[in-house]
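Everything below belongs to data.cif, which stores mmCIF, C-alpha atoms.
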data_structure
#
loop_
_atom_site.label_atom_id
_atom_site.label_comp_id
_atom_site.auth_asym_id
_atom_site.auth_seq_id
_atom_site.Cartn_x
_atom_site.Cartn_y
_atom_site.Cartn_z
CA MET A 8 0.00 0.00 0.00
CA ASN A 9 1.45 3.39 -0.97
CA LYS A 10 1.63 6.40 1.32
CA ALA A 11 -1.25 8.25 -0.36
CA THR A 12 -3.58 5.27 -0.04
CA GLY A 13 -2.60 4.83 3.60
CA GLN A 14 -3.34 8.50 4.28
CA ARG A 15 -6.69 8.18 2.54
CA LEU A 16 -7.65 5.21 4.71
CA HIS A 17 -6.60 7.15 7.81
CA ASN A 18 -8.72 10.13 6.70
CA GLU A 19 -11.77 7.87 6.28
CA GLN A 20 -11.27 6.33 9.71
CA GLU A 21 -11.09 9.81 11.23
CA HIS A 22 -14.19 10.83 9.29
CA GLY A 23 -16.00 7.75 10.61
CA ARG A 24 -15.04 8.68 14.17
CA TRP A 25 -16.43 12.19 13.61
CA ILE A 26 -19.75 10.83 12.27
CA ALA A 27 -20.03 8.37 15.16
CA GLU A 28 -19.63 11.27 17.59
CA HIS A 29 -21.81 13.85 15.82
CA GLY A 30 -24.62 11.75 14.29
CA GLU A 31 -25.89 10.61 10.91
CA GLU A 32 -27.53 13.88 9.83
CA ILE A 33 -24.55 14.48 7.54
CA TRP A 34 -26.02 11.88 5.15
CA ASN A 35 -29.27 13.86 4.75
CA TRP A 36 -31.55 10.84 5.26
CA SER A 37 -33.45 12.24 8.27
CA SER A 38 -35.52 15.05 6.70
CA PRO A 39 -38.92 14.15 5.15
CA ALA A 40 -37.43 14.41 1.64
CA GLY A 41 -34.30 12.58 2.82
CA GLN A 42 -36.46 9.73 4.11
CA ARG A 43 -38.08 9.35 0.70
CA ARG A 44 -34.69 9.34 -1.01
CA TRP A 45 -33.53 6.67 1.44
CA GLN A 46 -36.65 4.55 0.89
CA ARG A 47 -36.19 4.71 -2.85
CA ARG A 48 -32.65 3.43 -2.55
CA VAL A 49 -33.74 0.64 -0.23
CA ALA A 50 -36.29 -0.44 -2.85
CA LEU A 51 -33.63 -0.39 -5.58
CA PHE A 52 -31.19 -2.50 -3.59
CA THR A 53 -33.75 -5.04 -2.40
CA ALA A 54 -35.10 -5.45 -5.95
CA PHE A 55 -31.55 -5.93 -7.23
CA LEU A 56 -30.81 -8.64 -4.66
CA GLY A 57 -34.09 -10.50 -5.23
CA GLN A 58 -34.92 -13.67 -3.35
CA GLN A 59 -32.81 -15.29 -0.65
CA GLY A 60 -29.91 -17.57 -1.42
CA LYS A 61 -27.09 -15.18 -2.32
CA LYS A 62 -23.91 -14.33 -0.47
CA VAL A 63 -23.79 -10.54 -0.50
CA LEU A 64 -21.01 -8.13 0.42
CA GLU A 65 -22.01 -4.61 1.48
CA ILE A 66 -19.23 -2.05 1.07
CA GLY A 67 -19.05 0.90 3.46
CA CYS A 68 -21.95 -0.12 5.67
CA GLY A 69 -21.42 2.83 8.04
CA THR A 70 -23.89 2.69 10.93
CA GLY A 71 -26.00 -0.04 9.31
CA LEU A 72 -28.85 2.12 7.99
CA PHE A 73 -29.03 0.15 4.76
CA THR A 74 -27.74 -3.09 6.26
CA GLN A 75 -30.84 -3.46 8.43
CA GLU A 76 -33.00 -3.27 5.29
CA LEU A 77 -30.81 -5.60 3.24
CA ALA A 78 -31.19 -8.15 6.03
CA HIS A 79 -34.91 -8.38 5.25
CA THR A 80 -34.11 -9.94 1.86
CA GLY A 81 -32.99 -13.11 3.62
CA GLN A 82 -29.60 -13.07 1.88
CA SER A 83 -26.39 -13.86 3.73
CA ILE A 84 -24.99 -10.34 4.23
CA THR A 85 -21.37 -9.54 5.07
CA ALA A 86 -21.13 -5.81 5.81
CA ILE A 87 -17.74 -4.10 5.92
CA ASP A 88 -16.40 -0.65 6.76
CA ILE A 89 -12.95 0.81 7.40
CA SER A 90 -14.22 2.63 10.51
CA PRO A 91 -14.34 0.64 13.78
CA ASP A 92 -16.43 3.45 15.31
CA LEU A 93 -19.15 3.20 12.66
CA LEU A 94 -19.12 -0.59 12.82
CA GLU A 95 -19.86 -0.47 16.54
CA LYS A 96 -22.94 1.63 15.77
CA ALA A 97 -23.95 -0.81 13.03
CA LYS A 98 -23.66 -3.82 15.33
CA GLN A 99 -25.92 -2.11 17.85
CA ARG A 100 -28.51 -1.35 15.17
CA VAL A 101 -28.51 -4.67 13.29
CA THR A 102 -28.83 -7.97 15.16
CA ALA A 103 -30.22 -10.12 12.34
CA THR A 104 -28.62 -13.57 12.27
CA ASN A 105 -28.04 -13.43 8.50
CA VAL A 106 -25.71 -10.39 8.86
CA SER A 107 -22.05 -10.37 9.88
CA PHE A 108 -19.78 -7.34 10.20
CA ALA A 109 -16.05 -6.95 9.58
CA CYS A 110 -13.57 -4.08 9.67
CA GLU A 111 -11.96 -4.35 6.24
CA ASN A 112 -9.95 -2.32 3.77
CA ALA A 113 -12.00 -2.42 0.55
CA TYR A 114 -8.81 -2.50 -1.53
CA GLN A 115 -7.37 -5.57 0.18
CA THR A 116 -10.02 -7.61 1.97
CA THR A 117 -9.29 -10.90 3.73
CA PHE A 118 -11.99 -12.79 1.79
CA ALA A 119 -11.16 -15.58 -0.67
CA ASP A 120 -11.56 -15.27 -4.43
CA ASN A 121 -15.11 -15.75 -5.74
CA SER A 122 -16.65 -15.41 -2.26
CA PHE A 123 -19.79 -13.43 -3.20
CA GLN A 124 -22.60 -13.43 -5.73
CA ALA A 125 -23.40 -9.73 -5.27
CA ILE A 126 -21.64 -6.62 -4.00
CA VAL A 127 -23.61 -3.49 -3.08
CA GLY A 128 -23.08 -0.11 -1.49
CA SER A 129 -24.74 3.25 -0.99
CA SER A 130 -22.56 6.34 -1.39
CA CYS A 131 -19.31 4.49 -0.74
CA LEU A 132 -17.37 4.29 -4.02
CA HIS A 133 -16.77 8.04 -3.98
CA HIS A 134 -14.78 7.58 -0.75
CA LEU A 135 -12.47 5.02 -2.37
CA GLU A 136 -9.48 4.96 -4.69
CA LEU A 137 -11.54 3.54 -7.49
CA GLN A 138 -9.29 1.29 -9.58
CA PRO A 139 -7.88 -0.87 -6.75
CA ALA A 140 -11.37 -1.10 -5.24
CA LEU A 141 -12.92 -2.27 -8.53
CA ARG A 142 -10.16 -4.82 -9.04
CA GLU A 143 -10.84 -6.19 -5.55
CA PHE A 144 -14.59 -6.38 -6.17
CA HIS A 145 -13.93 -8.26 -9.41
CA ARG A 146 -11.73 -10.74 -7.51
CA LEU A 147 -14.35 -11.29 -4.83
CA LEU A 148 -17.28 -11.89 -7.19
CA GLN A 149 -18.20 -15.27 -8.57
CA ALA A 150 -18.53 -15.49 -12.35
CA GLY A 151 -21.92 -14.06 -13.28
CA GLY A 152 -22.07 -12.07 -10.05
CA SER A 153 -23.11 -8.42 -10.08
CA ILE A 154 -22.44 -5.14 -8.33
CA MET A 155 -24.81 -2.27 -7.59
CA PHE A 156 -23.95 1.13 -6.15
CA THR A 157 -25.67 4.49 -5.83
CA GLU A 158 -23.25 7.41 -5.97
CA PRO A 159 -23.19 11.22 -6.34
CA ASN A 160 -23.20 12.63 -9.88
CA MET A 161 -20.41 15.12 -10.60
CA LEU A 162 -22.51 16.77 -13.33
CA ASN A 163 -25.04 17.95 -10.76
CA PRO A 164 -24.23 21.64 -10.09
CA GLN A 165 -24.45 21.42 -6.30
CA ILE A 166 -22.40 18.22 -6.18
CA MET A 167 -19.77 19.70 -8.52
CA LEU A 168 -19.30 22.74 -6.30
CA GLN A 169 -19.37 20.76 -3.05
CA LYS A 170 -16.78 18.21 -4.15
CA ASN A 171 -14.36 20.70 -5.71
CA ILE A 172 -14.36 23.76 -3.45
CA PRO A 173 -12.51 22.87 -0.23
CA TRP A 174 -14.41 25.17 2.15
CA LEU A 175 -17.76 23.96 0.79
CA LYS A 176 -16.59 20.38 1.19
CA ARG A 177 -15.67 21.04 4.83
CA ARG A 178 -18.95 22.88 5.46
CA ALA A 179 -20.92 19.93 4.06
CA GLY A 180 -19.06 17.53 6.36
CA ASP A 181 -17.36 15.61 3.57
CA SER A 182 -14.17 13.66 4.13
CA PRO A 183 -11.07 15.23 2.53
CA ASP A 184 -10.73 12.75 -0.35
CA GLU A 185 -14.29 12.01 -1.36
CA THR A 186 -15.41 12.92 -4.86
CA ALA A 187 -18.24 12.17 -7.33
CA PHE A 188 -18.48 10.51 -10.75
CA ILE A 189 -19.14 11.33 -14.38
CA ARG A 190 -20.98 8.32 -15.70
CA PHE A 191 -19.19 7.93 -19.04
CA MET A 192 -15.78 7.99 -17.36
CA LEU A 193 -16.95 5.58 -14.66
CA ALA A 194 -18.25 3.14 -17.27
CA ARG A 195 -14.79 3.08 -18.85
CA GLN A 196 -13.18 2.37 -15.47
CA LEU A 197 -15.59 -0.49 -14.80
CA SER A 198 -14.83 -1.97 -18.21
CA ASN A 199 -11.08 -1.66 -17.60
CA ALA A 200 -11.54 -3.55 -14.31
CA GLY A 201 -13.10 -6.48 -16.22
CA PHE A 202 -16.84 -5.85 -15.78
CA ASP A 203 -19.45 -6.02 -18.51
CA ARG A 204 -23.22 -5.41 -18.82
CA ILE A 205 -22.51 -1.98 -17.34
CA THR A 206 -25.42 0.40 -16.77
CA ILE A 207 -25.10 3.82 -15.14
CA THR A 208 -28.32 5.78 -14.86
CA PRO A 209 -28.73 9.33 -13.49
CA PHE A 210 -31.55 9.66 -10.96
CA ASP A 211 -32.80 11.64 -7.96
CA PHE A 212 -33.58 15.34 -8.27
CA LEU A 213 -35.34 15.26 -4.89
CA HIS A 214 -33.40 17.66 -2.66
CA PRO A 215 -33.35 16.72 1.06
CA ALA A 216 -34.21 20.33 2.01
CA LEU A 217 -37.59 20.33 0.22
CA PRO A 218 -40.48 20.98 2.66
CA GLU A 219 -42.69 18.02 3.50
CA LEU A 220 -45.83 19.76 2.19
CA THR A 221 -44.36 19.90 -1.32
CA LEU A 222 -43.26 16.28 -1.62
CA ASN A 223 -46.41 14.63 -2.96
CA ILE A 224 -46.33 17.03 -5.90
CA ALA A 225 -42.57 17.43 -6.27
CA GLU A 226 -41.58 13.77 -6.16
CA PRO A 227 -43.51 12.54 -9.24
CA LEU A 228 -42.59 15.68 -11.18
CA LEU A 229 -38.90 15.25 -10.43
CA GLU A 230 -39.02 11.56 -11.32
CA PHE A 231 -40.49 12.63 -14.68
CA VAL A 232 -37.54 15.01 -15.19
CA GLU A 233 -35.23 11.99 -14.78
CA LYS A 234 -36.62 10.70 -18.10
CA ILE A 235 -35.87 13.87 -20.08
CA PRO A 236 -32.71 13.59 -22.23
CA CYS A 237 -29.96 16.06 -21.33
CA LEU A 238 -31.78 17.25 -18.19
CA LYS A 239 -31.42 13.83 -16.56
CA GLU A 240 -27.63 14.13 -16.85
CA ILE A 241 -27.57 16.66 -13.99
CA ALA A 242 -29.56 14.52 -11.53
CA GLY A 243 -28.05 14.26 -8.05
CA SER A 244 -27.10 10.60 -8.11
CA LEU A 245 -26.17 7.63 -10.29
CA ILE A 246 -27.41 4.02 -10.17
CA ILE A 247 -24.50 1.77 -11.16
CA THR A 248 -24.73 -1.91 -12.04
CA ALA A 249 -22.24 -4.24 -13.69
CA THR A 250 -21.52 -7.97 -13.96
CA LYS A 251 -18.41 -10.13 -13.80
CA PRO A 252 -18.37 -12.32 -16.94
#
Give the structure from the file, written as structure tokens.
Amino acid sequence: MNKATGQRLHNEQEHGRWIAEHGEEIWNWSSPAGQRRWQRRVALFTAFLGQQGKKVLEIGCGTGLFTQELAHTGQSITAIDISPDLLEKAKQRVTATNVSFACENAYQTTFADNSFQAIVGSSCLHHLELQPALREFHRLLQAGGSIMFTEPNMLNPQIMLQKNIPWLKRRAGDSPDETAFIRFMLARQLSNAGFDRITITPFDFLHPALPELTLNIAEPLLEFVEKIPCLKEIAGSLIITATKP
């Protein structure tokens, strides 16, 4: 492991300690609009995983917000994070018998080759050095296995400013190294790592600060905007799926 990667891992551990001490509000899931965004992602991940019988690896499980929902699928879930502090919170939240937790470096896990049939994560890839992480995910997947992630979209104006202006990044509570993705460039990186059947779809214009009274009107309208060519490219997030041949 080079010095830069080691520093990045240290930064993420420190960031995890800060979140464990200050709360999860940084992820914007607690507002009424944030709750709807969270529920939509839960539905996407549970539909992707389908019926029970798979061995699933969750990357960057944090405090277990998504892990507790993934457990309801009946799959065998292994949830990992680089932060011991966040993992302690996750273990307190999730006690399902089909879930196990481990403190792991996503670039160099201790799992054997071909250990999992699916790998998932919410807002975790943008914390990682992408190429070594993708190579590790490819190693861990069985042939025919798939990955799914939801990540911030660098073409969204707010995301672009937040990820590239240091004082805005600090104000938003981001970790020093986190970024966002441009889908065409990300597709190339996934292909270079050996994945195929790659789909990257922009979605989610629902801002977490929208008032609750507006949501029943705003949500369907904003989901319609996701279908409009060109406009959809500046949505807040990306849905990423790919398969190991």
Handout entry: All residues 6 Å or closer to range 244-252 of chain A, only C-alpha atoms, same chain fewer than 2 positions away omitted, as number ranges by chain
Key = A: 150-160, 202-211, 242
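Here the question is which of A:Lys170, A:Arg177, A:Arg44, A:His145 gets nearest to Leu217 in chain A using all atoms listed in the file, and that residue is A:Arg44.
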Problem - Target residues per the PyMOL selection byres ((chain A and resi 91) around 12), formatted as number ranges by chain - result: A: 17, 19-27, 67-70, 87-90, 92-98, 108-112
Which residues are near Pro139 in chain A? Cut-off 12 Å, only C-alpha atoms, ignore same chain within fewer than 2 positions. Put them as a compact mmCIF listing (two decimals) with C-alpha atoms, keeping the file's coordinate frame.
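Contents of part.txt, as written:
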# COMPACT_ATOMS: atom_id res chain seq x y z
CA MET A 8 0.00 0.00 0.00
CA ASN A 9 1.45 3.39 -0.97
CA THR A 12 -3.58 5.27 -0.04
CA ASN A 112 -9.95 -2.32 3.77
CA ALA A 113 -12.00 -2.42 0.55
CA TYR A 114 -8.81 -2.50 -1.53
CA GLN A 115 -7.37 -5.57 0.18
CA THR A 116 -10.02 -7.61 1.97
CA LEU A 132 -17.37 4.29 -4.02
CA LEU A 135 -12.47 5.02 -2.37
CA GLU A 136 -9.48 4.96 -4.69
CA LEU A 137 -11.54 3.54 -7.49
CA LEU A 141 -12.92 -2.27 -8.53
CA ARG A 142 -10.16 -4.82 -9.04
CA GLU A 143 -10.84 -6.19 -5.55
CA PHE A 144 -14.59 -6.38 -6.17
CA HIS A 145 -13.93 -8.26 -9.41
CA ARG A 146 -11.73 -10.74 -7.51
CA GLN A 196 -13.18 2.37 -15.47
CA LEU A 197 -15.59 -0.49 -14.80
CA ASN A 199 -11.08 -1.66 -17.60
CA ALA A 200 -11.54 -3.55 -14.31
Fill in the blank from the handout: Using all atoms listed in the file, the residue out of A:Asn171, A:Gln14, A:Ser122, A:Thr221 with shortest distance to Ile84 in chain A is A:Ser122
Handout entry: Lys239 in chain A surroundings by all atoms listed in the file, 10 Å radius, close-in-sequence under 3 positions cut, as a ChimeraX atom specification
Key = /A:162-163,208-212,229-236,242-243
Any chance you could export the current selection's C-alpha atoms as a JSON list (two decimals), keeping the file's coordinate frame?
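Listing of result_32.json after writing:
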[["chain", "number", "residue", "atom", "x", "y", "z"],
["A", 162, "LEU", "CA", -22.51, 16.77, -13.33],
["A", 163, "ASN", "CA", -25.04, 17.95, -10.76],
["A", 208, "THR", "CA", -28.32, 5.78, -14.86],
["A", 209, "PRO", "CA", -28.73, 9.33, -13.49],
["A", 210, "PHE", "CA", -31.55, 9.66, -10.96],
["A", 211, "ASP", "CA", -32.80, 11.64, -7.96],
["A", 212, "PHE", "CA", -33.58, 15.34, -8.27],
["A", 229, "LEU", "CA", -38.90, 15.25, -10.43],
["A", 230, "GLU", "CA", -39.02, 11.56, -11.32],
["A", 231, "PHE", "CA", -40.49, 12.63, -14.68],
["A", 232, "VAL", "CA", -37.54, 15.01, -15.19],
["A", 233, "GLU", "CA", -35.23, 11.99, -14.78],
["A", 234, "LYS", "CA", -36.62, 10.70, -18.10],
["A", 235, "ILE", "CA", -35.87, 13.87, -20.08],
["A", 236, "PRO", "CA", -32.71, 13.59, -22.23],
["A", 242, "ALA", "CA", -29.56, 14.52, -11.53],
["A", 243, "GLY", "CA", -28.05, 14.26, -8.05]]
Box centre and edge lengths (Å, one decimal), axis-aligned, range 13-23 of chain A plus 6 Å each side, as lines of an AutoDock Vina configuration file:
center_x = -9.3
center_y = 7.8
center_z = 6.9
size_x = 25.4
size_y = 18.0
size_z = 20.7
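In terms of minimum interatomic distance to Phe118 in chain A, A:Leu64 ranks closest within A:Ile241, A:Leu64, A:Leu193, A:Leu77, counting only C-alpha atoms.
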